[in-house]
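See below for the structure under consideration.
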Amino acid sequence: GFGETGESIKGWAKDIKEVEQTNIKILALQDEYNKKSRAAKLIQLEYQKGAEKLRQIRDDESKSISERQKANTDLGELLKKQMSEELAIQMINLKAIETEIKLKGNLTELEDKRIEALTEIADIQERITGQESEQKTNRVALQKEASDRAKEAQEAAKARAQEAKDRAKARAEEAASQLSQNLRIYLAENNALLKNVDDRLKIEEAAHSKRLALLQAEFETTEKKESDKLALKASI
């Protein structure tokens, strides 16, 4: 009798104490969740603001590829951090609900809260996963754009090199043509000069031959006269 009653009272008192401690724990979790939930909206807005700024840099074609790639990478890190913080807040709420369910049982009201909390967690994961997919898609697009730009730069450099080579070849051909033309003019001018010199030499040679012939004739005439004189003297 009395002993059993005493034990029952002790057990009952213990249960009451555990319930009180559980209620305190639940209230603490709910209070923490409410505080962080209120701050979460501001945090989410800050993340959205930062994410949008990074998206603007990433999509700005006037920026360098490396700047845009860095912005996209930073965006991915930001989204991961955002999801981590938002999920941490919702996990506090879920933990509070599940603790209350353990205490009070699967009441419809509590089960609805639990489903609502799980839905909120799934929504966060879906939203962040969609944003991460966008970030990854843009990462691939930027890599392709970087590759295309590098290829274009290479082709442009090749075209400039070919253009410079063609200009150098054209200048060389023009110089060779000019040199050939100058040489032809030079040879033409000198050929005329040489021809004139040759003609003058021929005239001088003819004149010299004529002078020699005259001198020879004069010499012969003089020699004949002297011979005739000597013959005349000898006959006398």
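Following the order of the structure tokens, chains are lettered A, B, ..., residues in each are numbered from 1, and ligands are numbered from 1.
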Quiz item: Which residues come within 9 Å of range 103-106 of chain A, counting only C-alpha atoms, excluding same-chain residues fewer than 4 positions away, as a list in words?
Solution: Val19, Thr22, Asn23, Glu98, Thr99, Leu110 and Glu111 of chain A
Export of prior selection with C-alpha atoms as an mmCIF file, in the first residue's frame:
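Result saved to again-v2.cif:
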```cif
data_model
loop_
_atom_site.group_PDB
_atom_site.id
_atom_site.type_symbol
_atom_site.label_atom_id
_atom_site.label_comp_id
_atom_site.auth_asym_id
_atom_site.auth_seq_id
_atom_site.Cartn_x
_atom_site.Cartn_y
_atom_site.Cartn_z
ATOM 1 C CA VAL A 19 7.864 17.269 -19.030
ATOM 2 C CA THR A 22 11.129 19.236 -22.253
ATOM 3 C CA ASN A 23 8.743 22.169 -22.375
ATOM 4 C CA GLU A 98 9.774 16.918 -33.332
ATOM 5 C CA THR A 99 10.631 17.394 -29.657
ATOM 6 C CA LEU A 110 1.940 19.171 -34.653
ATOM 7 C CA GLU A 111 2.128 16.862 -37.651
#
```
Practice problem: Please provide as a ChimeraX atom specification all residues within 10 Å of range 71-88 of chain A, with the sequence filter that same-chain residues fewer than 4 positions apart are discarded (counting only C-alpha atoms). | Solution: /A:33,36-37,40-41,43-44,46-48,50-59,65-67,92-94,120-122,124-129,131-136,138-139,142
Quiz item: Hey, can you check how far CA of Glu163 in chain A sits from CA of Ser180 in chain A?
Solution: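 Atom-to-atom, CA of Glu163 in chain A to CA of Ser180 in chain A, that is 25.4 Å.
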Quiz item: For the atom pair CA of Ile115 in chain A and CA of Ala96 in chain A, what is the interatomic distance in Å to one decimal place?
Solution: 13.0 Å
